[in-house]
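Enquirer: The file below is run_10.pdb, PDB, C-alpha atoms:
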```
ATOM      1  CA  MET U   9      40.234  27.153  -5.953
ATOM      2  CA  VAL U  10      41.537  23.616  -5.885
ATOM      3  CA  PHE U  11      38.290  22.427  -4.312
ATOM      4  CA  THR U  12      36.148  24.330  -6.785
ATOM      5  CA  GLY U  13      37.914  22.631  -9.666
ATOM      6  CA  PHE U  14      37.562  19.248  -7.989
ATOM      7  CA  PHE U  15      33.817  19.610  -7.502
ATOM      8  CA  LYS U  16      33.323  20.901 -11.014
ATOM      9  CA  LYS U  17      35.072  17.813 -12.381
ATOM     10  CA  LEU U  18      33.000  15.581 -10.104
ATOM     11  CA  ASP U  19      29.781  17.210 -11.302
ATOM     12  CA  ALA U  20      30.830  16.779 -14.920
ATOM     13  CA  ASP U  21      31.574  13.087 -14.293
ATOM     14  CA  LYS U  22      28.196  12.617 -12.632
ATOM     15  CA  GLN U  23      26.427  14.464 -15.451
ATOM     16  CA  ASN U  24      28.112  12.188 -17.974
ATOM     17  CA  ARG U  25      26.949   9.164 -16.008
ATOM     18  CA  LEU U  26      23.390  10.489 -15.910
ATOM     19  CA  ASP U  27      23.349  11.152 -19.660
ATOM     20  CA  SER U  28      24.033   7.495 -20.338
ATOM     21  CA  VAL U  29      21.248   6.235 -18.023
ATOM     22  CA  VAL U  30      18.318   4.526 -19.755
ATOM     23  CA  ILE U  31      14.893   4.077 -18.079
ATOM     24  CA  LYS U  32      13.085   0.774 -18.674
ATOM     25  CA  THR U  33       9.576  -0.365 -17.700
ATOM     26  CA  GLU U  34       9.794  -4.128 -18.305
ATOM     27  CA  LYS U  35       8.628  -6.229 -15.370
ATOM     28  CA  THR U  36      11.329  -8.829 -15.857
ATOM     29  CA  LEU U  37      14.888  -8.057 -14.867
ATOM     30  CA  ALA U  38      17.747 -10.144 -13.535
ATOM     31  CA  PRO U  39      17.129 -10.630  -9.778
ATOM     32  CA  GLU U  40      20.901 -10.485  -9.232
ATOM     33  CA  ALA U  41      20.953  -6.910 -10.573
ATOM     34  CA  LEU U  42      18.248  -5.938  -8.082
ATOM     35  CA  GLN U  43      20.016  -7.751  -5.238
ATOM     36  CA  ASP U  44      23.187  -5.795  -6.073
ATOM     37  CA  LEU U  45      21.348  -2.446  -6.127
ATOM     38  CA  CYS U  46      19.619  -3.224  -2.816
ATOM     39  CA  ALA U  47      22.961  -4.143  -1.244
ATOM     40  CA  SER U  48      24.400  -0.802  -2.428
ATOM     41  CA  VAL U  49      21.748   1.055  -0.381
ATOM     42  CA  GLY U  50      21.996  -1.298   2.618
ATOM     43  CA  TRP U  51      18.783  -3.296   2.135
ATOM     44  CA  ALA U  52      18.439  -6.939   3.101
ATOM     45  CA  LYS U  53      19.028  -9.568   0.422
ATOM     46  CA  ARG U  54      15.887 -11.127  -1.081
ATOM     47  CA  ASP U  55      15.413 -14.517  -2.701
ATOM     48  CA  PRO U  56      15.738 -14.357  -6.550
ATOM     49  CA  GLU U  57      12.647 -16.518  -7.136
ATOM     50  CA  LEU U  58      10.562 -14.319  -4.810
ATOM     51  CA  ILE U  59      11.888 -11.196  -6.564
ATOM     52  CA  ASN U  60      10.725 -12.561  -9.941
ATOM     53  CA  ARG U  61       7.255 -13.295  -8.589
ATOM     54  CA  ALA U  62       6.947  -9.917  -6.858
ATOM     55  CA  LEU U  63       7.914  -8.068 -10.044
ATOM     56  CA  ALA U  64       5.439 -10.094 -12.108
ATOM     57  CA  ASN U  65       2.702  -9.212  -9.582
ATOM     58  CA  SER U  66       3.552  -5.496  -9.543
ATOM     59  CA  LEU U  67       1.463  -2.935 -11.445
ATOM     60  CA  ALA U  68       4.497  -0.943 -12.529
ATOM     61  CA  VAL U  69       8.225  -1.663 -12.470
ATOM     62  CA  VAL U  70      10.694   1.071 -13.395
ATOM     63  CA  SER U  71      14.433   0.438 -13.642
ATOM     64  CA  ALA U  72      17.316   2.754 -14.560
ATOM     65  CA  TRP U  73      20.368   1.315 -16.268
ATOM     66  CA  ASP U  74      23.869   2.562 -17.060
ATOM     67  CA  GLY U  75      24.870  -0.099 -19.546
ATOM     68  CA  ASP U  76      24.451  -3.401 -17.720
ATOM     69  CA  LEU U  77      24.504  -1.741 -14.288
ATOM     70  CA  LEU U  78      21.162  -1.263 -12.524
ATOM     71  CA  VAL U  79      21.458   2.198 -10.975
ATOM     72  CA  GLY U  80      17.876   2.925  -9.897
ATOM     73  CA  PHE U  81      14.569   1.208  -9.258
ATOM     74  CA  ALA U  82      10.980   1.601  -8.068
ATOM     75  CA  ARG U  83       7.806  -0.445  -8.356
ATOM     76  CA  ALA U  84       4.128  -0.200  -7.454
ATOM     77  CA  THR U  85       1.418  -2.639  -6.402
ATOM     78  CA  GLY U  86      -2.329  -2.033  -6.373
ATOM     79  CA  ASP U  87      -5.789  -2.945  -7.622
ATOM     80  CA  LYS U  88      -5.424  -1.237 -11.066
ATOM     81  CA  VAL U  89      -8.556   0.788 -10.282
ATOM     82  CA  PHE U  90      -8.704   2.793  -7.058
ATOM     83  CA  ASN U  91      -5.256   2.819  -5.526
ATOM     84  CA  ALA U  92      -1.602   1.922  -5.879
ATOM     85  CA  THR U  93       1.332   1.861  -3.476
ATOM     86  CA  ILE U  94       4.920   2.628  -4.474
ATOM     87  CA  TRP U  95       7.671   0.440  -2.976
ATOM     88  CA  ASP U  96      11.429  -0.054  -3.091
ATOM     89  CA  VAL U  97      12.530   3.343  -4.419
ATOM     90  CA  ALA U  98      16.312   3.068  -4.652
ATOM     91  CA  VAL U  99      19.137   4.910  -6.416
ATOM     92  CA  ARG U 100      22.711   3.580  -6.356
ATOM     93  CA  PRO U 101      24.772   5.936  -4.116
ATOM     94  CA  SER U 102      27.175   6.997  -6.890
ATOM     95  CA  TYR U 103      24.142   8.096  -8.962
ATOM     96  CA  GLN U 104      22.326   9.967  -6.176
ATOM     97  CA  ARG U 105      21.710  13.742  -6.110
ATOM     98  CA  LEU U 106      21.438  13.912  -9.898
ATOM     99  CA  GLY U 107      17.654  13.964 -10.202
ATOM    100  CA  LEU U 108      17.518  10.270 -11.124
ATOM    101  CA  GLY U 109      15.114   9.426  -8.277
ATOM    102  CA  LYS U 110      12.728  12.109  -9.528
ATOM    103  CA  ARG U 111      12.990  10.760 -13.086
ATOM    104  CA  ILE U 112      12.191   7.219 -11.861
ATOM    105  CA  MET U 113       9.269   8.412  -9.707
ATOM    106  CA  ARG U 114       7.813  10.424 -12.617
ATOM    107  CA  GLU U 115       7.957   7.308 -14.791
ATOM    108  CA  VAL U 116       6.198   5.222 -12.089
ATOM    109  CA  ILE U 117       3.442   7.860 -11.818
ATOM    110  CA  LYS U 118       3.164   7.933 -15.640
ATOM    111  CA  GLN U 119       2.785   4.137 -15.712
ATOM    112  CA  LEU U 120       0.123   4.258 -12.987
ATOM    113  CA  ASP U 121      -1.723   7.061 -14.790
ATOM    114  CA  GLU U 122      -2.507   4.534 -17.542
ATOM    115  CA  PHE U 123      -4.973   3.014 -15.058
ATOM    116  CA  PRO U 124      -7.963   4.951 -13.619
ATOM    117  CA  ILE U 125      -6.170   4.922 -10.242
ATOM    118  CA  SER U 126      -7.282   7.906  -8.147
ATOM    119  CA  LEU U 127      -4.869   7.541  -5.217
ATOM    120  CA  ILE U 128      -1.147   6.742  -5.154
ATOM    121  CA  THR U 129       0.353   6.121  -1.731
ATOM    122  CA  LEU U 130       3.794   5.386  -0.329
ATOM    123  CA  TYR U 131       5.663   5.059   2.947
ATOM    124  CA  ALA U 132       8.386   7.715   3.172
ATOM    125  CA  ASP U 133      11.561   7.150   5.167
ATOM    126  CA  PRO U 134      12.417   9.910   7.672
ATOM    127  CA  GLY U 135      13.700  13.032   5.923
ATOM    128  CA  ARG U 136      12.420  11.941   2.478
ATOM    129  CA  ASP U 137       9.035  13.680   2.614
ATOM    130  CA  GLY U 138      10.418  16.832   0.919
ATOM    131  CA  PHE U 139      11.438  14.751  -2.115
ATOM    132  CA  TYR U 140       7.974  13.205  -2.391
ATOM    133  CA  LYS U 141       6.177  16.510  -1.694
ATOM    134  CA  ARG U 142       7.835  17.969  -4.798
ATOM    135  CA  LEU U 143       6.292  15.066  -6.731
ATOM    136  CA  GLY U 144       2.776  15.934  -5.506
ATOM    137  CA  PHE U 145       2.548  13.714  -2.425
ATOM    138  CA  ASN U 146       1.142  14.991   0.889
ATOM    139  CA  ALA U 147       2.411  13.693   4.229
ATOM    140  CA  ASP U 148      -0.095  12.274   6.744
ATOM    141  CA  PRO U 149      -3.185  13.730   5.008
ATOM    142  CA  SER U 150      -6.050  14.215   7.500
ATOM    143  CA  GLY U 151      -3.849  12.755  10.242
ATOM    144  CA  ILE U 152      -3.607   9.336   8.555
ATOM    145  CA  ARG U 153      -0.770   7.205   9.947
ATOM    146  CA  ALA U 154       1.377   4.508   8.399
ATOM    147  CA  MET U 155       1.090   1.199  10.267
ATOM    148  CA  PHE U 156       3.158  -1.940   9.678
ATOM    149  CA  ARG U 157       2.756  -5.527  10.769
ATOM    150  CA  GLU U 158       5.753  -7.800  10.229
ATOM    151  CA  ARG U 159       5.306 -11.542   9.965
ATOM    152  CA  SER U 160       6.115 -13.117  13.302
TER     153      SER U 160
ATOM    154  CA  MET S   3     -32.395   1.774  36.540
ATOM    155  CA  VAL S   4     -34.431   2.517  33.452
ATOM    156  CA  PHE S   5     -31.252   3.379  31.569
ATOM    157  CA  THR S   6     -29.418   0.268  32.752
ATOM    158  CA  GLY S   7     -32.254  -1.892  31.498
ATOM    159  CA  PHE S   8     -32.286  -0.057  28.193
ATOM    160  CA  PHE S   9     -28.563  -0.581  27.607
ATOM    161  CA  LYS S  10     -28.720  -4.233  28.664
ATOM    162  CA  LYS S  11     -31.463  -4.835  26.099
ATOM    163  CA  LEU S  12     -29.454  -2.970  23.471
ATOM    164  CA  ASP S  13     -26.392  -5.110  24.197
ATOM    165  CA  ALA S  14     -28.452  -8.297  23.946
ATOM    166  CA  ASP S  15     -29.877  -7.142  20.609
ATOM    167  CA  LYS S  16     -26.402  -6.368  19.311
ATOM    168  CA  GLN S  17     -25.077  -9.721  20.509
ATOM    169  CA  ASN S  18     -27.923 -11.484  18.711
ATOM    170  CA  ARG S  19     -27.068  -9.566  15.538
ATOM    171  CA  LEU S  20     -23.407 -10.540  15.857
ATOM    172  CA  ASP S  21     -24.223 -14.224  16.346
ATOM    173  CA  SER S  22     -25.963 -14.311  12.982
ATOM    174  CA  VAL S  23     -23.064 -12.649  11.109
ATOM    175  CA  VAL S  24     -21.255 -14.857   8.583
ATOM    176  CA  ILE S  25     -17.744 -14.075   7.284
ATOM    177  CA  LYS S  26     -17.040 -14.736   3.588
ATOM    178  CA  THR S  27     -13.825 -14.557   1.574
ATOM    179  CA  GLU S  28     -15.143 -14.656  -2.012
ATOM    180  CA  LYS S  29     -13.781 -11.895  -4.237
ATOM    181  CA  THR S  30     -17.079 -11.381  -6.007
ATOM    182  CA  LEU S  31     -19.905  -9.616  -4.255
ATOM    183  CA  ALA S  32     -22.730  -7.379  -5.417
ATOM    184  CA  PRO S  33     -21.246  -3.881  -5.901
ATOM    185  CA  GLU S  34     -24.553  -2.405  -4.711
ATOM    186  CA  ALA S  35     -24.071  -4.089  -1.305
ATOM    187  CA  LEU S  36     -20.629  -2.492  -1.000
ATOM    188  CA  GLN S  37     -21.956   0.887  -2.150
ATOM    189  CA  ASP S  38     -24.620   0.684   0.557
ATOM    190  CA  LEU S  39     -22.082  -0.220   3.281
ATOM    191  CA  CYS S  40     -19.774   2.604   2.177
ATOM    192  CA  ALA S  41     -22.680   5.068   2.277
ATOM    193  CA  SER S  42     -23.484   3.918   5.835
ATOM    194  CA  VAL S  43     -19.991   5.003   6.977
ATOM    195  CA  GLY S  44     -19.982   8.195   4.903
ATOM    196  CA  TRP S  45     -17.642   7.153   2.098
ATOM    197  CA  ALA S  46     -17.979   8.386  -1.457
ATOM    198  CA  LYS S  47     -19.925   6.286  -3.951
ATOM    199  CA  ARG S  48     -17.831   4.224  -6.346
ATOM    200  CA  ASP S  49     -18.692   2.932  -9.796
ATOM    201  CA  PRO S  50     -20.006  -0.699  -9.715
ATOM    202  CA  GLU S  51     -17.852  -1.804 -12.660
ATOM    203  CA  LEU S  52     -14.720  -0.344 -11.023
ATOM    204  CA  ILE S  53     -15.649  -2.051  -7.722
ATOM    205  CA  ASN S  54     -15.833  -5.429  -9.505
ATOM    206  CA  ARG S  55     -12.422  -4.921 -11.116
ATOM    207  CA  ALA S  56     -10.816  -3.725  -7.862
ATOM    208  CA  LEU S  57     -12.125  -6.769  -5.959
ATOM    209  CA  ALA S  58     -10.898  -9.149  -8.672
ATOM    210  CA  ASN S  59      -7.449  -7.518  -8.470
ATOM    211  CA  SER S  60      -7.281  -7.682  -4.669
ATOM    212  CA  LEU S  61      -5.225 -10.335  -2.856
ATOM    213  CA  ALA S  62      -7.837 -10.822  -0.166
ATOM    214  CA  VAL S  63     -11.472  -9.743   0.166
ATOM    215  CA  VAL S  64     -13.318 -10.305   3.426
ATOM    216  CA  SER S  65     -16.996  -9.520   3.848
ATOM    217  CA  ALA S  66     -19.346  -9.939   6.815
ATOM    218  CA  TRP S  67     -23.027 -10.638   6.199
ATOM    219  CA  ASP S  68     -26.156 -10.642   8.322
ATOM    220  CA  GLY S  69     -28.449 -12.463   5.940
ATOM    221  CA  ASP S  70     -28.383 -10.443   2.720
ATOM    222  CA  LEU S  71     -27.085  -7.332   4.477
ATOM    223  CA  LEU S  72     -23.371  -6.533   4.090
ATOM    224  CA  VAL S  73     -22.346  -5.353   7.574
ATOM    225  CA  GLY S  74     -18.543  -5.323   7.332
ATOM    226  CA  PHE S  75     -15.738  -5.361   4.798
ATOM    227  CA  ALA S  76     -11.982  -5.172   4.242
ATOM    228  CA  ARG S  77      -9.625  -6.026   1.402
ATOM    229  CA  ALA S  78      -5.923  -6.123   0.661
ATOM    230  CA  THR S  79      -3.726  -5.520  -2.382
ATOM    231  CA  GLY S  80      -0.097  -6.514  -2.822
ATOM    232  CA  ASP S  81       2.542  -8.489  -4.701
ATOM    233  CA  LYS S  82       1.697 -11.892  -3.121
ATOM    234  CA  VAL S  83       5.309 -12.178  -1.980
ATOM    235  CA  PHE S  84       6.859  -9.342   0.020
ATOM    236  CA  ASN S  85       4.073  -7.008   1.049
ATOM    237  CA  ALA S  86       0.366  -6.311   1.186
ATOM    238  CA  THR S  87      -1.708  -3.247   2.026
ATOM    239  CA  ILE S  88      -5.111  -3.394   3.714
ATOM    240  CA  TRP S  89      -7.794  -0.995   2.442
ATOM    241  CA  ASP S  90     -11.438  -0.111   2.983
ATOM    242  CA  VAL S  91     -11.969  -1.478   6.504
ATOM    243  CA  ALA S  92     -15.613  -0.694   7.244
ATOM    244  CA  VAL S  93     -18.254  -1.883   9.726
ATOM    245  CA  ARG S  94     -21.887  -0.759   9.427
ATOM    246  CA  PRO S  95     -22.587   1.657  12.340
ATOM    247  CA  SER S  96     -25.309  -0.537  13.906
ATOM    248  CA  TYR S  97     -22.782  -3.414  14.037
ATOM    249  CA  GLN S  98     -19.865  -1.426  15.467
ATOM    250  CA  ARG S  99     -18.321  -1.936  18.933
ATOM    251  CA  LEU S 100     -19.073  -5.673  18.866
ATOM    252  CA  GLY S 101     -15.618  -6.928  17.867
ATOM    253  CA  LEU S 102     -16.691  -7.428  14.245
ATOM    254  CA  GLY S 103     -13.886  -5.207  12.895
ATOM    255  CA  LYS S 104     -11.356  -7.310  14.770
ATOM    256  CA  ARG S 105     -12.905 -10.521  13.389
ATOM    257  CA  ILE S 106     -12.728  -9.147   9.825
ATOM    258  CA  MET S 107      -9.125  -7.955  10.254
ATOM    259  CA  ARG S 108      -8.043 -11.341  11.656
ATOM    260  CA  GLU S 109      -9.577 -13.063   8.610
ATOM    261  CA  VAL S 110      -7.741 -10.671   6.247
ATOM    262  CA  ILE S 111      -4.449 -11.414   8.038
ATOM    263  CA  LYS S 112      -5.199 -15.151   7.870
ATOM    264  CA  GLN S 113      -5.840 -14.886   4.117
ATOM    265  CA  LEU S 114      -2.593 -12.959   3.610
ATOM    266  CA  ASP S 115      -0.663 -15.479   5.714
ATOM    267  CA  GLU S 116      -1.347 -18.033   2.965
ATOM    268  CA  PHE S 117       1.233 -16.105   0.922
ATOM    269  CA  PRO S 118       4.897 -15.708   2.020
ATOM    270  CA  ILE S 119       4.162 -12.003   2.632
ATOM    271  CA  SER S 120       6.506 -10.613   5.287
ATOM    272  CA  LEU S 121       4.998  -7.150   5.709
ATOM    273  CA  ILE S 122       1.364  -6.041   5.965
ATOM    274  CA  THR S 123       0.763  -2.303   5.921
ATOM    275  CA  LEU S 124      -2.218   0.005   6.223
ATOM    276  CA  TYR S 125      -3.148   3.650   6.576
ATOM    277  CA  ALA S 126      -4.924   4.265   9.871
ATOM    278  CA  ASP S 127      -7.465   7.051  10.280
ATOM    279  CA  PRO S 128      -6.887   9.362  13.271
ATOM    280  CA  GLY S 129      -7.758   7.647  16.545
ATOM    281  CA  ARG S 130      -7.807   4.162  15.007
ATOM    282  CA  ASP S 131      -4.188   3.212  15.756
ATOM    283  CA  GLY S 132      -5.128   1.574  19.084
ATOM    284  CA  PHE S 133      -7.446  -0.831  17.244
ATOM    285  CA  TYR S 134      -4.702  -1.806  14.806
ATOM    286  CA  LYS S 135      -2.002  -1.973  17.507
ATOM    287  CA  ARG S 136      -4.031  -4.688  19.244
ATOM    288  CA  LEU S 137      -3.859  -6.618  15.951
ATOM    289  CA  GLY S 138      -0.049  -6.433  15.861
ATOM    290  CA  PHE S 139       0.459  -3.278  13.797
ATOM    291  CA  ASN S 140       3.002  -0.605  14.773
ATOM    292  CA  ALA S 141       2.410   3.079  14.023
ATOM    293  CA  ASP S 142       5.049   5.016  12.074
ATOM    294  CA  PRO S 143       7.810   2.390  12.530
ATOM    295  CA  SER S 144      11.284   4.011  12.309
ATOM    296  CA  GLY S 145       9.648   7.380  11.647
ATOM    297  CA  ILE S 146       8.088   6.207   8.366
ATOM    298  CA  ARG S 147       5.292   8.504   7.157
ATOM    299  CA  ALA S 148       2.197   7.876   5.090
ATOM    300  CA  MET S 149       2.131   9.966   1.899
ATOM    301  CA  PHE S 150      -0.753  10.285  -0.564
ATOM    302  CA  ARG S 151      -1.002  11.654  -4.083
ATOM    303  CA  GLU S 152      -4.493  12.148  -5.448
ATOM    304  CA  ARG S 153      -5.101  12.213  -9.186
ATOM    305  CA  SER S 154      -5.329  15.806 -10.349
TER     306      SER S 154
END
```
How does the structure come out when it is put into structure tokens?
Expert:
Amino acid sequence: MVFTGFFKKLDADKQNRLDSVVIKTEKTLAPEALQDLCASVGWAKRDPELINRALANSLAVVSAWDGDLLVGFARATGDKVFNATIWDVAVRPSYQRLGLGKRIMREVIKQLDEFPISLITLYADPGRDGFYKRLGFNADPSGIRAMFRERS
Amino acid sequence: MVFTGFFKKLDADKQNRLDSVVIKTEKTLAPEALQDLCASVGWAKRDPELINRALANSLAVVSAWDGDLLVGFARATGDKVFNATIWDVAVRPSYQRLGLGKRIMREVIKQLDEFPISLITLYADPGRDGFYKRLGFNADPSGIRAMFRERS
């Protein structure tokens, strides 16, 4: 009974946090906020000037804010015509498992749907394909494989 | 012996064709030439106006020409900073198995290396991962999966 009460309180706290989250689609945001979010999910730190340029060159940028705190993010690149690729989908750990990732992804797809883009692609981390399948993505269609080449 | 002679002549013909192939990196090219190349490899026809816009919005466009005939193609999209994705790698069937695909891919990589891009990605068709591995690409790194969402 003690545990039940504890989890109920936790859920209520999380729900309150989610209610105050605002989704934005501006391409400019403080690089420090993005660096902080990336650090919260264990991603490598990126140069602020490069972040600014990458955001400016993205087709869609979606950010989720709780006041001044960046709590979620995703962006997409592409040719504005045939295809787009979604990158850097991140939700701050204390805001995870609340449906915020889905809300961010839906906004990215909505932004991309303003172009005649026929194909949206992404690279899913292990275990994340279920999340993306529920958003209409298919894994490895026709046996297609993700391949990466890192700068040497 | 007859067959050996036949294949030797074929190889010489192909080599002659390859010697006359010129690689170009201009982003503008006649959409009809690209439509014809795509048809030769069985891809769906795309609208000329959309082709023009997609090429203009690509980071790199590499085309291979034998005179006025477009015999190979590849392009890349991306944010000019962190990542790029290579699309539409095609070689006209009569020019395949001559190393032309490799030459085109190396030119795309060279074009992308003019940006500070740290990661180049692509979606490999089944059976094509060996080709891309020889160009420095790794398949499904860390269990990452390709996911596609087609416009409904």
Enquirer: Find the residues in chain U near chain S: any atom within 8 Å counts, using all atoms listed in the file. Write them as number ranges by chain.
Expert: U: 58, 61-63, 65-66, 85-90, 125-134, 137, 140, 144-159
Enquirer: If the PyMOL selection byres ((chain U and resi 36-38) around 10) were run on this exact file, what residues would it hold? Put them as a short mmCIF file (atom, residue, chain, number, x, y, z; two decimals) with C-alpha atoms, in the frame of the given file.
Expert:
```cif
data_model
loop_
_atom_site.label_atom_id
_atom_site.label_comp_id
_atom_site.auth_asym_id
_atom_site.auth_seq_id
_atom_site.Cartn_x
_atom_site.Cartn_y
_atom_site.Cartn_z
CA LYS U 32 13.08 0.77 -18.67
CA THR U 33 9.58 -0.36 -17.70
CA GLU U 34 9.79 -4.13 -18.30
CA LYS U 35 8.63 -6.23 -15.37
CA PRO U 39 17.13 -10.63 -9.78
CA GLU U 40 20.90 -10.48 -9.23
CA ALA U 41 20.95 -6.91 -10.57
CA LEU U 42 18.25 -5.94 -8.08
CA GLN U 43 20.02 -7.75 -5.24
CA PRO U 56 15.74 -14.36 -6.55
CA ILE U 59 11.89 -11.20 -6.56
CA ASN U 60 10.72 -12.56 -9.94
CA ARG U 61 7.26 -13.30 -8.59
CA LEU U 63 7.91 -8.07 -10.04
CA ALA U 64 5.44 -10.09 -12.11
CA VAL U 69 8.22 -1.66 -12.47
CA SER U 71 14.43 0.44 -13.64
CA LEU U 78 21.16 -1.26 -12.52
#
```
Enquirer: Identify, on the basis of only C-alpha atoms, every residue whose closest approach to Leu77 in chain U does not exceed 10 Å; exclude the query and any residue fewer than 5 positions from it along the same chain; express the result as JSON, numbers by chain.
Expert: {"U": [29, 41, 42, 44, 45, 72, 100]}
Enquirer: Can you work out the spacing between CA of Tyr97 in chain S and CA of Arg77 in chain S in Å, to one decimal?
Expert: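 One can read the CA of Tyr97 in chain S to CA of Arg77 in chain S distance as 18.4 Å.
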Enquirer: Between S:Ala46, S:Val93, S:Ala41, S:Ile88, which one has atoms that come closest to Val73 in chain S, using only C-alpha atoms?
Expert: S:Val93
Enquirer: Out of U:Phe123, U:Ile112, U:Ala82, U:Gly138, which residue has the shortest atom-to-atom distance to Cys46 in chain U when counting all atoms listed in the file?
Expert: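 Of U:Phe123, U:Ile112, U:Ala82, U:Gly138, the one nearest Cys46 in chain U is U:Ala82, counting all atoms listed in the file.
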Enquirer: Expressed in Å to a single decimal, how great is the separation between CA of Leu100 in chain S and CA of Leu20 in chain S?
Expert: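 Interatomic distance here is 7.2 Å.
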Enquirer: Using CA of Ser22 in chain S and CA of Glu109 in chain S as the two end points, give the distance in Å to one decimal.
Expert: 17.0 Å
Enquirer: Closest to Arg142 in chain U among U:Asp21, U:Val116, U:Glu122, U:Lys110, using all atoms listed in the file?
Expert: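 Ranked by minimum distance to Arg142 in chain U, first place goes to U:Lys110.
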Enquirer: Select all residues near (-16.2, -8.5, 19.9) (cut-off 12 Å, inclusive, file coordinates), counting only C-alpha atoms, and output them as a PyMOL selection string.
Expert: chain S and resi 13+16-17+19-21+23+97-108+133
Enquirer: Complete the atoms of range 72-85 of chain S to N, CA, C and O atoms and put them out as a short mmCIF file (atom, residue, chain, number, x, y, z; two decimals), keeping the file's coordinate frame.
Expert:
```
data_model
loop_
_atom_site.label_atom_id
_atom_site.label_comp_id
_atom_site.auth_asym_id
_atom_site.auth_seq_id
_atom_site.Cartn_x
_atom_site.Cartn_y
_atom_site.Cartn_z
N LEU S 72 -24.82 -6.63 3.89
CA LEU S 72 -23.37 -6.53 4.09
C LEU S 72 -23.11 -5.61 5.28
O LEU S 72 -23.49 -4.44 5.26
N VAL S 73 -22.51 -6.14 6.35
CA VAL S 73 -22.35 -5.35 7.57
C VAL S 73 -20.88 -5.02 7.87
O VAL S 73 -20.60 -4.22 8.75
N GLY S 74 -19.95 -5.63 7.12
CA GLY S 74 -18.54 -5.32 7.33
C GLY S 74 -17.72 -5.75 6.14
O GLY S 74 -18.14 -6.61 5.36
N PHE S 75 -16.54 -5.13 6.00
CA PHE S 75 -15.74 -5.36 4.80
C PHE S 75 -14.29 -4.95 5.04
O PHE S 75 -14.01 -4.05 5.83
N ALA S 76 -13.38 -5.61 4.35
CA ALA S 76 -11.98 -5.17 4.24
C ALA S 76 -11.36 -5.91 3.07
O ALA S 76 -11.82 -7.00 2.71
N ARG S 77 -10.33 -5.33 2.48
CA ARG S 77 -9.62 -6.03 1.40
C ARG S 77 -8.16 -5.65 1.45
O ARG S 77 -7.77 -4.71 2.15
N ALA S 78 -7.36 -6.40 0.70
CA ALA S 78 -5.92 -6.12 0.66
C ALA S 78 -5.40 -6.26 -0.76
O ALA S 78 -5.87 -7.10 -1.52
N THR S 79 -4.44 -5.41 -1.11
CA THR S 79 -3.73 -5.52 -2.38
C THR S 79 -2.27 -5.88 -2.06
O THR S 79 -1.86 -5.82 -0.90
N GLY S 80 -1.51 -6.22 -3.08
CA GLY S 80 -0.10 -6.51 -2.82
C GLY S 80 0.54 -7.33 -3.92
O GLY S 80 -0.08 -7.56 -4.97
N ASP S 81 1.78 -7.76 -3.68
CA ASP S 81 2.54 -8.49 -4.70
C ASP S 81 2.56 -10.00 -4.46
O ASP S 81 3.25 -10.73 -5.15
N LYS S 82 1.81 -10.46 -3.48
CA LYS S 82 1.70 -11.89 -3.12
C LYS S 82 2.99 -12.47 -2.55
O LYS S 82 3.06 -13.67 -2.31
N VAL S 83 4.00 -11.66 -2.36
CA VAL S 83 5.31 -12.18 -1.98
C VAL S 83 5.91 -11.41 -0.79
O VAL S 83 6.13 -11.97 0.28
N PHE S 84 6.17 -10.12 -1.01
CA PHE S 84 6.86 -9.34 0.02
C PHE S 84 5.92 -8.51 0.88
O PHE S 84 6.12 -8.38 2.07
N ASN S 85 4.92 -7.90 0.26
CA ASN S 85 4.07 -7.01 1.05
C ASN S 85 2.63 -6.92 0.56
O ASN S 85 2.32 -7.24 -0.58
#
```
